>>> print(open('run30.tsv').read())   # TSV, C-alpha atoms
chain	number	residue	atom	x	y	z
A	1	MET	CA	80.47	53.36	55.17
A	2	PRO	CA	79.05	50.10	53.76
A	3	LYS	CA	75.34	49.75	53.15
A	4	PRO	CA	73.44	48.50	56.22
A	5	ARG	CA	72.41	44.87	56.26
A	6	VAL	CA	68.83	45.25	57.46
A	7	THR	CA	66.73	42.21	58.34
A	8	SER	CA	63.00	42.34	59.04
A	9	ILE	CA	61.01	39.51	60.59
A	10	GLY	CA	57.24	39.22	60.75
A	11	GLU	CA	54.09	39.14	58.69
A	12	ILE	CA	53.57	39.48	54.98
A	13	LEU	CA	49.94	39.42	53.91
A	14	TYR	CA	47.39	40.78	51.50
A	15	ASP	CA	45.52	43.96	52.35
A	16	VAL	CA	42.14	43.19	50.80
A	17	TYR	CA	40.18	46.29	49.77
A	18	PRO	CA	36.59	46.14	48.48
A	19	ASP	CA	37.86	46.37	44.90
A	20	GLN	CA	41.41	45.00	44.98
A	21	LYS	CA	44.14	43.41	47.07
A	22	ARG	CA	47.64	44.70	47.76
A	23	LEU	CA	50.73	43.33	49.46
A	24	GLY	CA	51.09	44.48	53.05
A	25	GLY	CA	52.10	43.72	56.61
A	26	ALA	CA	54.22	46.23	58.53
A	27	PRO	CA	57.48	44.20	58.55
A	28	PHE	CA	57.17	43.62	54.80
A	29	ASN	CA	56.26	47.21	53.98
A	30	PHE	CA	59.23	48.39	56.04
A	31	ILE	CA	61.78	46.09	54.41
A	32	TYR	CA	60.38	46.66	50.92
A	33	HIS	CA	61.10	50.39	51.30
A	34	VAL	CA	64.60	49.68	52.64
A	35	TRP	CA	65.23	47.39	49.67
A	36	LYS	CA	63.99	49.96	47.18
A	37	ILE	CA	66.12	52.71	48.72
A	38	ILE	CA	69.48	50.95	49.19
A	39	GLY	CA	69.10	47.90	46.95
A	40	GLN	CA	69.52	45.16	49.54
A	41	ALA	CA	67.44	43.67	52.38
A	42	GLN	CA	66.57	40.41	54.14
A	43	PHE	CA	63.02	39.40	55.01
A	44	VAL	CA	62.05	36.50	57.27
A	45	SER	CA	58.42	35.41	57.10
A	46	SER	CA	55.99	32.66	56.16
A	47	VAL	CA	53.23	32.20	53.59
A	48	GLY	CA	50.75	29.41	53.05
A	49	ASN	CA	50.99	26.79	50.34
A	50	ASP	CA	47.91	28.33	48.74
A	51	GLU	CA	46.97	30.55	45.80
A	52	ASN	CA	47.79	33.78	47.65
A	53	GLY	CA	51.14	32.45	48.83
A	54	LYS	CA	52.17	31.21	45.39
A	55	GLU	CA	51.05	34.46	43.76
A	56	LEU	CA	52.93	36.51	46.33
A	57	LEU	CA	56.19	34.57	45.97
A	58	PHE	CA	55.96	34.64	42.17
A	59	HIS	CA	55.49	38.41	42.15
A	60	LEU	CA	58.33	39.12	44.59
A	61	SER	CA	60.72	36.78	42.77
A	62	ASN	CA	59.83	38.46	39.48
A	63	ILE	CA	60.79	41.91	40.76
A	64	GLY	CA	64.06	40.65	42.25
A	65	PHE	CA	63.09	40.68	45.93
A	66	ASP	CA	64.90	38.00	47.96
A	67	VAL	CA	62.35	35.35	49.03
A	68	SER	CA	64.91	32.80	50.30
A	69	LYS	CA	63.88	33.35	53.93
A	70	ILE	CA	60.12	33.21	53.36
A	71	VAL	CA	59.02	29.80	54.66
A	72	ILE	CA	56.16	27.93	52.95
A	73	ASP	CA	53.63	26.58	55.46
A	74	ASN	CA	51.56	23.56	54.35
A	75	ASN	CA	49.10	23.81	57.25
A	76	TYR	CA	48.02	27.44	57.54
A	77	PRO	CA	46.92	30.05	54.96
A	78	THR	CA	48.70	33.18	53.83
A	79	GLY	CA	47.68	36.15	55.97
A	80	ALA	CA	44.94	38.50	54.84
A	81	VAL	CA	43.45	41.72	56.21
A	82	ASN	CA	40.14	43.18	55.06
A	83	VAL	CA	40.65	46.94	54.76
A	84	THR	CA	38.05	49.70	54.57
A	85	ILE	CA	38.88	53.42	54.44
A	86	ASP	CA	36.78	55.72	56.61
A	87	GLU	CA	35.73	59.30	55.85
A	88	ASN	CA	39.03	60.62	57.28
A	89	LYS	CA	41.07	58.42	54.89
A	90	VAL	CA	42.07	56.25	57.87
A	91	PRO	CA	42.12	52.47	57.27
A	92	ARG	CA	40.05	50.07	59.40
A	93	PHE	CA	41.20	46.46	59.60
A	94	LYS	CA	39.64	43.05	60.07
A	95	ILE	CA	42.49	40.59	60.49
A	96	SER	CA	42.24	36.87	59.83
A	97	SER	CA	43.32	34.55	62.63
A	98	GLU	CA	45.81	31.65	62.60
A	99	CYS	CA	47.76	32.62	59.49
A	100	SER	CA	51.03	31.14	58.34
A	101	PHE	CA	53.07	33.97	59.90
A	102	ASP	CA	51.69	33.05	63.34
A	103	PHE	CA	53.49	29.71	63.02
A	104	LEU	CA	56.80	31.00	61.64
A	105	ALA	CA	59.60	28.63	62.58
A	106	ILE	CA	63.10	28.73	61.11
A	107	SER	CA	66.10	26.44	61.14
A	108	GLN	CA	69.22	26.94	63.23
A	109	GLU	CA	71.10	27.37	59.96
A	110	MET	CA	68.86	30.31	59.05
A	111	LYS	CA	69.28	31.82	62.52
A	112	ASP	CA	73.06	31.58	62.18
A	113	ASP	CA	72.88	33.21	58.75
A	114	ILE	CA	70.73	36.06	60.11
A	115	GLU	CA	73.18	36.68	62.95
A	116	LYS	CA	76.15	36.69	60.58
A	117	ASN	CA	74.57	38.95	57.95
A	118	THR	CA	72.56	41.52	59.92
A	119	ASP	CA	73.46	44.98	61.21
A	120	ILE	CA	69.92	45.98	62.25
A	121	LEU	CA	67.03	43.62	62.97
A	122	TYR	CA	63.49	45.02	62.78
A	123	PHE	CA	60.56	43.38	64.55
A	124	GLY	CA	57.14	44.39	65.85
A	125	THR	CA	54.77	43.32	68.59
A	126	PHE	CA	51.88	42.29	66.33
A	127	SER	CA	54.15	39.73	64.65
A	128	GLN	CA	54.33	37.93	68.00
A	129	ARG	CA	50.59	37.26	68.42
A	130	GLY	CA	51.25	33.55	67.73
A	131	ASN	CA	53.29	31.64	70.30
A	132	ILE	CA	55.47	29.90	67.72
A	133	ALA	CA	56.29	33.15	65.90
A	134	LYS	CA	56.99	34.81	69.26
A	135	GLU	CA	59.45	32.06	70.19
A	136	THR	CA	61.16	32.45	66.81
A	137	ILE	CA	61.54	36.20	67.23
A	138	ASP	CA	62.72	35.77	70.83
A	139	SER	CA	65.44	33.40	69.61
A	140	LEU	CA	66.92	36.21	67.49
A	141	LEU	CA	67.09	38.86	70.22
A	142	ASN	CA	70.47	38.06	71.78
A	143	PHE	CA	72.85	38.83	68.90
A	144	ASP	CA	75.55	41.51	68.96
A	145	ILE	CA	73.65	43.72	66.50
A	146	LYS	CA	71.29	46.71	66.61
A	147	TYR	CA	67.56	46.13	67.16
A	148	PHE	CA	64.60	48.21	66.03
A	149	CYS	CA	61.10	47.65	67.44
A	150	ASP	CA	57.96	49.14	65.92
A	151	LEU	CA	55.37	48.91	68.67
A	152	ASN	CA	51.85	48.05	67.56
A	153	LEU	CA	49.48	48.17	70.50
A	154	ARG	CA	46.27	48.70	68.54
A	155	HIS	CA	45.23	45.09	68.98
A	156	ASN	CA	45.18	42.92	72.08
A	157	PHE	CA	48.07	40.75	70.89
A	158	PHE	CA	50.67	41.94	73.39
A	159	THR	CA	51.62	41.54	77.03
A	160	LYS	CA	53.59	43.65	79.47
A	161	GLU	CA	56.28	40.96	79.47
A	162	MET	CA	56.56	41.14	75.66
A	163	ILE	CA	56.88	44.92	75.75
A	164	GLU	CA	59.52	44.90	78.49
A	165	LYS	CA	61.54	42.21	76.66
A	166	ALA	CA	61.53	44.37	73.54
A	167	LEU	CA	62.46	47.56	75.36
A	168	SER	CA	65.35	45.88	77.17
A	169	THR	CA	66.74	44.63	73.83
A	170	ILE	CA	66.34	47.48	71.36
A	171	HIS	CA	68.36	50.51	70.30
A	172	LEU	CA	65.66	52.15	68.19
A	173	LEU	CA	61.94	52.47	69.00
A	174	LYS	CA	59.00	53.78	66.99
A	175	MET	CA	55.45	54.23	68.26
A	176	ASN	CA	52.52	56.60	67.80
A	177	GLU	CA	50.92	58.90	70.35
A	178	ASP	CA	48.24	56.40	71.33
A	179	GLU	CA	50.84	53.70	71.88
A	180	LEU	CA	52.92	56.02	74.04
A	181	ASN	CA	49.86	56.75	76.18
A	182	GLN	CA	49.29	53.02	76.58
A	183	LEU	CA	52.93	52.52	77.56
A	184	ILE	CA	52.59	55.19	80.24
A	185	LYS	CA	49.79	53.15	81.82
A	186	ILE	CA	51.28	49.70	81.26
A	187	LEU	CA	54.74	50.59	82.62
A	188	ASN	CA	53.59	53.26	85.09
A	189	LEU	CA	55.82	55.88	83.47
A	190	ASN	CA	56.18	59.50	84.47
A	191	GLY	CA	53.57	61.33	82.41
A	192	ASN	CA	55.67	64.53	82.31
A	193	ASP	CA	58.55	63.08	80.26
A	194	PRO	CA	57.89	59.39	79.55
A	195	VAL	CA	60.15	59.24	76.48
A	196	SER	CA	63.24	60.39	78.38
A	197	GLU	CA	62.36	57.92	81.12
A	198	LEU	CA	62.27	55.09	78.56
A	199	ILE	CA	65.62	56.17	77.11
A	200	ASP	CA	67.26	56.26	80.53
A	201	LYS	CA	65.70	53.10	81.92
A	202	TYR	CA	66.24	50.89	78.86
A	203	SER	CA	69.32	52.55	77.27
A	204	ILE	CA	67.54	53.24	73.97
A	205	ASP	CA	69.48	55.34	71.46
A	206	LEU	CA	66.57	56.93	69.59
A	207	ILE	CA	62.79	57.02	70.07
A	208	ALA	CA	60.32	58.29	67.48
A	209	VAL	CA	56.76	59.20	68.44
A	210	THR	CA	54.62	59.75	65.35
A	211	LYS	CA	51.63	62.09	65.41
A	212	GLY	CA	49.98	61.47	62.03
A	213	GLU	CA	49.57	64.64	59.97
A	214	LYS	CA	51.15	66.57	62.87
A	215	GLY	CA	54.53	65.00	62.17
A	216	ALA	CA	56.80	63.31	64.70
A	217	ILE	CA	59.03	63.89	67.69
A	218	LEU	CA	62.49	62.27	67.70
A	219	THR	CA	64.34	62.01	71.00
A	220	THR	CA	67.82	60.88	72.00
A	221	LYS	CA	69.56	61.15	75.35
A	222	ASN	CA	70.85	64.59	74.42
A	223	ALA	CA	68.43	66.08	71.90
A	224	THR	CA	64.81	66.35	70.77
A	225	ASP	CA	63.39	67.39	67.40
A	226	TYR	CA	59.81	68.03	66.33
A	227	TYR	CA	58.93	68.33	62.64
A	228	ILE	CA	55.59	68.81	60.89
A	229	PRO	CA	55.65	68.00	57.16
A	230	PRO	CA	53.89	70.06	54.49
A	231	GLN	CA	50.31	68.91	53.99
A	232	LEU	CA	49.68	66.89	50.85
A	233	GLU	CA	46.39	65.54	49.51
A	234	VAL	CA	45.71	62.34	51.41
A	235	ILE	CA	44.28	59.34	49.58
A	236	ASP	CA	45.08	56.55	52.04
A	237	THR	CA	47.20	56.60	55.23
A	238	LEU	CA	47.84	52.83	55.15
A	239	GLY	CA	51.55	52.10	55.53
A	240	ALA	CA	52.64	55.65	56.35
A	241	GLY	CA	54.19	54.52	59.63
A	242	ASP	CA	56.12	51.75	57.89
A	243	ALA	CA	57.51	54.24	55.37
A	244	PHE	CA	58.55	56.50	58.25
A	245	ALA	CA	60.21	53.53	59.97
A	246	ALA	CA	62.30	52.62	56.92
A	247	VAL	CA	63.82	56.09	56.66
A	248	LEU	CA	64.22	56.30	60.44
A	249	CYS	CA	66.20	53.06	60.39
A	250	LEU	CA	68.52	54.17	57.57
A	251	GLY	CA	69.01	57.60	59.09
A	252	TYR	CA	69.94	56.00	62.40
A	253	TYR	CA	72.45	53.66	60.75
A	254	TYR	CA	74.11	56.47	58.81
A	255	LYS	CA	74.17	58.66	61.95
A	256	LEU	CA	72.32	61.54	60.33
A	257	PRO	CA	71.33	64.41	62.66
A	258	ILE	CA	67.88	63.72	64.08
A	259	GLU	CA	66.60	66.92	62.45
A	260	LYS	CA	67.49	65.50	59.01
A	261	ILE	CA	66.07	62.07	59.84
A	262	ASN	CA	62.79	63.61	60.96
A	263	ILE	CA	62.41	65.68	57.80
A	264	HIS	CA	63.16	62.81	55.42
A	265	ALA	CA	61.05	60.24	57.32
A	266	ASN	CA	58.03	62.52	57.63
A	267	ASN	CA	58.16	63.68	54.04
A	268	PHE	CA	58.36	60.12	52.73
A	269	ALA	CA	55.47	59.03	54.97
A	270	SER	CA	53.43	61.97	53.66
A	271	GLN	CA	54.14	60.92	50.09
A	272	ILE	CA	52.97	57.37	50.82
A	273	CYS	CA	49.65	58.88	51.95
A	274	THR	CA	49.13	60.25	48.43
A	275	ILE	CA	48.89	56.76	46.86
A	276	ASN	CA	46.55	53.81	47.26
A	277	GLY	CA	47.95	51.19	49.59
A	278	ALA	CA	51.28	50.97	51.40
A	279	ILE	CA	53.57	50.16	48.46
A	280	PRO	CA	54.22	52.46	45.47
A	281	THR	CA	53.57	50.99	42.02
A	282	ASP	CA	56.59	52.84	40.61
A	283	ASP	CA	59.94	53.95	41.99
A	284	LEU	CA	59.60	57.73	41.64
A	285	LEU	CA	58.91	58.21	45.35
A	286	TYR	CA	62.29	56.65	46.16
A	287	SER	CA	64.48	58.83	43.93
A	288	ASN	CA	65.32	61.50	46.52
A	289	LEU	CA	66.00	58.95	49.28
A	290	ARG	CA	68.31	56.97	47.02
A	291	LYS	CA	70.45	60.09	46.59
A	292	ILE	CA	70.61	60.55	50.34
A	293	PHE	CA	71.35	56.98	51.39
A	294	THR	CA	73.44	55.51	48.57
>>> encode(input="run30.tsv", output="structure tokens")
Amino acid sequence: MPKPRVTSIGEILYDVYPDQKRLGGAPFNFIYHVWKIIGQAQFVSSVGNDENGKELLFHLSNIGFDVSKIVIDNNYPTGAVNVTIDENKVPRFKISSECSFDFLAISQEMKDDIEKNTDILYFGTFSQRGNIAKETIDSLLNFDIKYFCDLNLRHNFFTKEMIEKALSTIHLLKMNEDELNQLIKILNLNGNDPVSELIDKYSIDLIAVTKGEKGAILTTKNATDYYIPPQLEVIDTLGAGDAFAAVLCLGYYYKLPIEKINIHANNFASQICTINGAIPTDDLLYSNLRKIFT
């Protein structure tokens, strides 16, 4: 089986800690992990024509990451998030408004290229907080490919219409427990088995509900698996969900049993919690996954 051609669209930004800044943004974190594991990936985003944007592009180009689909915006700044870590090692965010990724617009030529060279397209709900970016993402949701949505309902940048459009398009869905509880209210789902209801109503192949240190539940039309990973020393939980999503996506493409997907995705997410920030500074954390997926 050939390697999957995974495309991610959405924000890239700097997570700004009190003492340092690190690259972040869920769609970027996700595709960075995919790239590190299988050696290829496409990322569609926008940065400002500012110091942060130039620094970011220089760094990614230097490490061999494909920046050809990262648009430079002359009007709006590169995204930034001020991050503080609370006593439970959980990050708290203060997100800047009107960043370059909110105004992401791409050419028809780029859209055609994405359609031609994508097996799975990843997108999130937070990436659509800007109307222009939302229109851009919407324009990519009618291809004959697989779609993966990572719901992010922690901020008020979503609508019922946006959620229903995503659910009616996707094959793969990831959310956390809080987001599932919000979906139950927003869509008036059956509280007894809302995940199976979503699968049946929207013809979704696989749904993952993450539960933090308590692992995750993976559900298909015919099976359910619950896995709790071994507890490791937590430094920072930032980006754990994105790490989980990357392995979930690859496991889905390669048709691994959901029990195997759940183990590998949870264990990788747990390992990300043992480092500062969402992105490892070396490749050791990827060695086991490279054996599995390449």
>>> residues_near_point(input="run30.tsv", point="(60.5, 54.6, 60.0)", cutoff="9 Å", atoms="all atoms listed in the file", output="PyMOL selection string")
chain A and resi 30+150+174+208+240-250+265-266+269
>>> write_last_selection(input="run30.tsv", atoms="C-alpha atoms", output="PDB file, keeping the file's coordinate frame")
ATOM      1  CA  PHE A  30      59.230  48.390  56.040  1.00  0.00           C
ATOM      2  CA  ASP A 150      57.960  49.140  65.920  1.00  0.00           C
ATOM      3  CA  LYS A 174      59.000  53.780  66.990  1.00  0.00           C
ATOM      4  CA  ALA A 208      60.320  58.290  67.480  1.00  0.00           C
ATOM      5  CA  ALA A 240      52.640  55.650  56.350  1.00  0.00           C
ATOM      6  CA  GLY A 241      54.190  54.520  59.630  1.00  0.00           C
ATOM      7  CA  ASP A 242      56.120  51.750  57.890  1.00  0.00           C
ATOM      8  CA  ALA A 243      57.510  54.240  55.370  1.00  0.00           C
ATOM      9  CA  PHE A 244      58.550  56.500  58.250  1.00  0.00           C
ATOM     10  CA  ALA A 245      60.210  53.530  59.970  1.00  0.00           C
ATOM     11  CA  ALA A 246      62.300  52.620  56.920  1.00  0.00           C
ATOM     12  CA  VAL A 247      63.820  56.090  56.660  1.00  0.00           C
ATOM     13  CA  LEU A 248      64.220  56.300  60.440  1.00  0.00           C
ATOM     14  CA  CYS A 249      66.200  53.060  60.390  1.00  0.00           C
ATOM     15  CA  LEU A 250      68.520  54.170  57.570  1.00  0.00           C
ATOM     16  CA  ALA A 265      61.050  60.240  57.320  1.00  0.00           C
ATOM     17  CA  ASN A 266      58.030  62.520  57.630  1.00  0.00           C
ATOM     18  CA  ALA A 269      55.470  59.030  54.970  1.00  0.00           C
TER      19      ALA A 269
END
>>> closest_residue(input="run30.tsv", among="A:Lys36, A:Lys165, A:Lys185, A:Lys255", to="Asp205 in chain A", atoms="only C-alpha atoms")
A:Lys255
>>> closest_residue(input="run30.tsv", among="A:Ser270, A:Gln20, A:Asn176, A:Thr7", to="Trp35 in chain A", atoms="all atoms listed in the file")
A:Thr7
>>> atom_distance(input="run30.tsv", atom1="CA of Thr169 in chain A", atom2="CA of Thr118 in chain A")
15.4 Å
>>> residues_around(input="run30.tsv", residues="Gly124 in chain A", least_positions_apart="2", cutoff="9 Å", atoms="only C-alpha atoms", output="PyMOL selection string")
chain A and resi 9-10+26-27+122+126-128+148-152+166
>>> write_last_selection(input="run30.tsv", atoms="C-alpha atoms", output="PDB file, in the coordinates of the input")
ATOM      1  CA  ILE A   9      61.010  39.510  60.590  1.00  0.00           C
ATOM      2  CA  GLY A  10      57.240  39.220  60.750  1.00  0.00           C
ATOM      3  CA  ALA A  26      54.220  46.230  58.530  1.00  0.00           C
ATOM      4  CA  PRO A  27      57.480  44.200  58.550  1.00  0.00           C
ATOM      5  CA  TYR A 122      63.490  45.020  62.780  1.00  0.00           C
ATOM      6  CA  PHE A 126      51.880  42.290  66.330  1.00  0.00           C
ATOM      7  CA  SER A 127      54.150  39.730  64.650  1.00  0.00           C
ATOM      8  CA  GLN A 128      54.330  37.930  68.000  1.00  0.00           C
ATOM      9  CA  PHE A 148      64.600  48.210  66.030  1.00  0.00           C
ATOM     10  CA  CYS A 149      61.100  47.650  67.440  1.00  0.00           C
ATOM     11  CA  ASP A 150      57.960  49.140  65.920  1.00  0.00           C
ATOM     12  CA  LEU A 151      55.370  48.910  68.670  1.00  0.00           C
ATOM     13  CA  ASN A 152      51.850  48.050  67.560  1.00  0.00           C
ATOM     14  CA  ALA A 166      61.530  44.370  73.540  1.00  0.00           C
TER      15      ALA A 166
END
>>> atom_distance(input="run30.tsv", atom1="CA of Ile145 in chain A", atom2="CA of Glu115 in chain A")
7.9 Å
>>> closest_atom_pairs(input="run30.tsv", of="range 73-112 of chain A", to="range 53-69 of chain A", cutoff="12 Å", atoms="all atoms listed in the file", output="JSON lines")
{"residue": "A:Asp73", "atom": "CA", "partner": "A:Gly53", "partner_atom": "CA", "distance": 9.2}
{"residue": "A:Asn74", "atom": "CA", "partner": "A:Gly53", "partner_atom": "CA", "distance": 10.5}
{"residue": "A:Tyr76", "atom": "CA", "partner": "A:Gly53", "partner_atom": "CA", "distance": 10.5}
{"residue": "A:Pro77", "atom": "CA", "partner": "A:Gly53", "partner_atom": "CA", "distance": 7.8}
{"residue": "A:Thr78", "atom": "CA", "partner": "A:Gly53", "partner_atom": "CA", "distance": 5.6}
{"residue": "A:Gly79", "atom": "CA", "partner": "A:Gly53", "partner_atom": "CA", "distance": 8.8}
{"residue": "A:Ala80", "atom": "CA", "partner": "A:Gly53", "partner_atom": "CA", "distance": 10.5}
{"residue": "A:Cys99", "atom": "CA", "partner": "A:Gly53", "partner_atom": "CA", "distance": 11.2}
{"residue": "A:Ser100", "atom": "CA", "partner": "A:Gly53", "partner_atom": "CA", "distance": 9.6}
{"residue": "A:Phe101", "atom": "CA", "partner": "A:Gly53", "partner_atom": "CA", "distance": 11.3}
{"residue": "A:Leu104", "atom": "CA", "partner": "A:Lys69", "partner_atom": "CA", "distance": 10.7}
{"residue": "A:Ala105", "atom": "CA", "partner": "A:Lys69", "partner_atom": "CA", "distance": 10.7}
{"residue": "A:Ile106", "atom": "CA", "partner": "A:Lys69", "partner_atom": "CA", "distance": 8.6}
{"residue": "A:Ser107", "atom": "CA", "partner": "A:Lys69", "partner_atom": "CA", "distance": 10.2}
{"residue": "A:Glu109", "atom": "CA", "partner": "A:Lys69", "partner_atom": "CA", "distance": 11.1}
{"residue": "A:Met110", "atom": "CA", "partner": "A:Lys69", "partner_atom": "CA", "distance": 7.8}
{"residue": "A:Lys111", "atom": "CA", "partner": "A:Lys69", "partner_atom": "CA", "distance": 10.3}
>>> residues_around(input="run30.tsv", residues="Leu198 in chain A", least_positions_apart="6", cutoff="9 Å", atoms="all atoms listed in the file", output="number ranges by chain")
A: 167, 189, 204, 207
>>> atom_distance(input="run30.tsv", atom1="CA of Tyr253 in chain A", atom2="CA of Leu232 in chain A")
28.1 Å
>>> decode(input="run30.tsv", residues="range 239-247 of chain A", atoms="all heavy atoms", output="PDB file, in the first residue's frame")
ATOM      1  N   GLY A 239      -0.811  19.889  22.937  1.00  0.00           N
ATOM      2  CA  GLY A 239      -0.567  19.153  21.702  1.00  0.00           C
ATOM      3  C   GLY A 239      -0.786  17.660  21.785  1.00  0.00           C
ATOM      4  O   GLY A 239      -0.618  16.950  20.789  1.00  0.00           O
ATOM      5  N   ALA A 240      -1.188  17.153  22.956  1.00  0.00           N
ATOM      6  CA  ALA A 240      -1.406  15.707  23.079  1.00  0.00           C
ATOM      7  C   ALA A 240      -2.494  15.224  22.129  1.00  0.00           C
ATOM      8  O   ALA A 240      -2.372  14.172  21.501  1.00  0.00           O
ATOM      9  CB  ALA A 240      -1.749  15.350  24.518  1.00  0.00           C
ATOM     10  N   GLY A 241      -3.575  15.991  22.026  1.00  0.00           N
ATOM     11  CA  GLY A 241      -4.666  15.613  21.134  1.00  0.00           C
ATOM     12  C   GLY A 241      -4.257  15.594  19.676  1.00  0.00           C
ATOM     13  O   GLY A 241      -4.727  14.762  18.892  1.00  0.00           O
ATOM     14  N   ASP A 242      -3.361  16.506  19.291  1.00  0.00           N
ATOM     15  CA  ASP A 242      -2.890  16.554  17.903  1.00  0.00           C
ATOM     16  C   ASP A 242      -2.004  15.352  17.589  1.00  0.00           C
ATOM     17  O   ASP A 242      -2.039  14.817  16.480  1.00  0.00           O
ATOM     18  CB  ASP A 242      -2.122  17.855  17.655  1.00  0.00           C
ATOM     19  CG  ASP A 242      -2.906  19.080  18.084  1.00  0.00           C
ATOM     20  OD1 ASP A 242      -4.146  19.074  17.943  1.00  0.00           O
ATOM     21  OD2 ASP A 242      -2.289  20.049  18.576  1.00  0.00           O
ATOM     22  N   ALA A 243      -1.205  14.946  18.574  1.00  0.00           N
ATOM     23  CA  ALA A 243      -0.381  13.750  18.412  1.00  0.00           C
ATOM     24  C   ALA A 243      -1.261  12.519  18.253  1.00  0.00           C
ATOM     25  O   ALA A 243      -1.032  11.664  17.386  1.00  0.00           O
ATOM     26  CB  ALA A 243       0.551  13.600  19.615  1.00  0.00           C
ATOM     27  N   PHE A 244      -2.285  12.428  19.093  1.00  0.00           N
ATOM     28  CA  PHE A 244      -3.258  11.337  18.997  1.00  0.00           C
ATOM     29  C   PHE A 244      -3.887  11.317  17.603  1.00  0.00           C
ATOM     30  O   PHE A 244      -4.020  10.270  16.972  1.00  0.00           O
ATOM     31  CB  PHE A 244      -4.334  11.517  20.068  1.00  0.00           C
ATOM     32  CG  PHE A 244      -5.343  10.412  20.137  1.00  0.00           C
ATOM     33  CD1 PHE A 244      -5.225   9.408  21.086  1.00  0.00           C
ATOM     34  CD2 PHE A 244      -6.423  10.369  19.258  1.00  0.00           C
ATOM     35  CE1 PHE A 244      -6.167   8.378  21.153  1.00  0.00           C
ATOM     36  CE2 PHE A 244      -7.353   9.343  19.312  1.00  0.00           C
ATOM     37  CZ  PHE A 244      -7.221   8.345  20.265  1.00  0.00           C
ATOM     38  N   ALA A 245      -4.274  12.503  17.121  1.00  0.00           N
ATOM     39  CA  ALA A 245      -4.955  12.606  15.822  1.00  0.00           C
ATOM     40  C   ALA A 245      -4.074  12.111  14.681  1.00  0.00           C
ATOM     41  O   ALA A 245      -4.569  11.466  13.742  1.00  0.00           O
ATOM     42  CB  ALA A 245      -5.384  14.052  15.574  1.00  0.00           C
ATOM     43  N   ALA A 246      -2.784  12.414  14.729  1.00  0.00           N
ATOM     44  CA  ALA A 246      -1.877  12.000  13.653  1.00  0.00           C
ATOM     45  C   ALA A 246      -1.817  10.484  13.535  1.00  0.00           C
ATOM     46  O   ALA A 246      -1.899   9.922  12.437  1.00  0.00           O
ATOM     47  CB  ALA A 246      -0.481  12.569  13.905  1.00  0.00           C
ATOM     48  N   VAL A 247      -1.700   9.810  14.667  1.00  0.00           N
ATOM     49  CA  VAL A 247      -1.627   8.346  14.653  1.00  0.00           C
ATOM     50  C   VAL A 247      -2.987   7.742  14.307  1.00  0.00           C
ATOM     51  O   VAL A 247      -3.076   6.742  13.588  1.00  0.00           O
ATOM     52  CB  VAL A 247      -1.107   7.826  16.005  1.00  0.00           C
ATOM     53  CG1 VAL A 247      -1.052   6.303  16.003  1.00  0.00           C
ATOM     54  CG2 VAL A 247       0.275   8.402  16.297  1.00  0.00           C
TER      55      VAL A 247
END
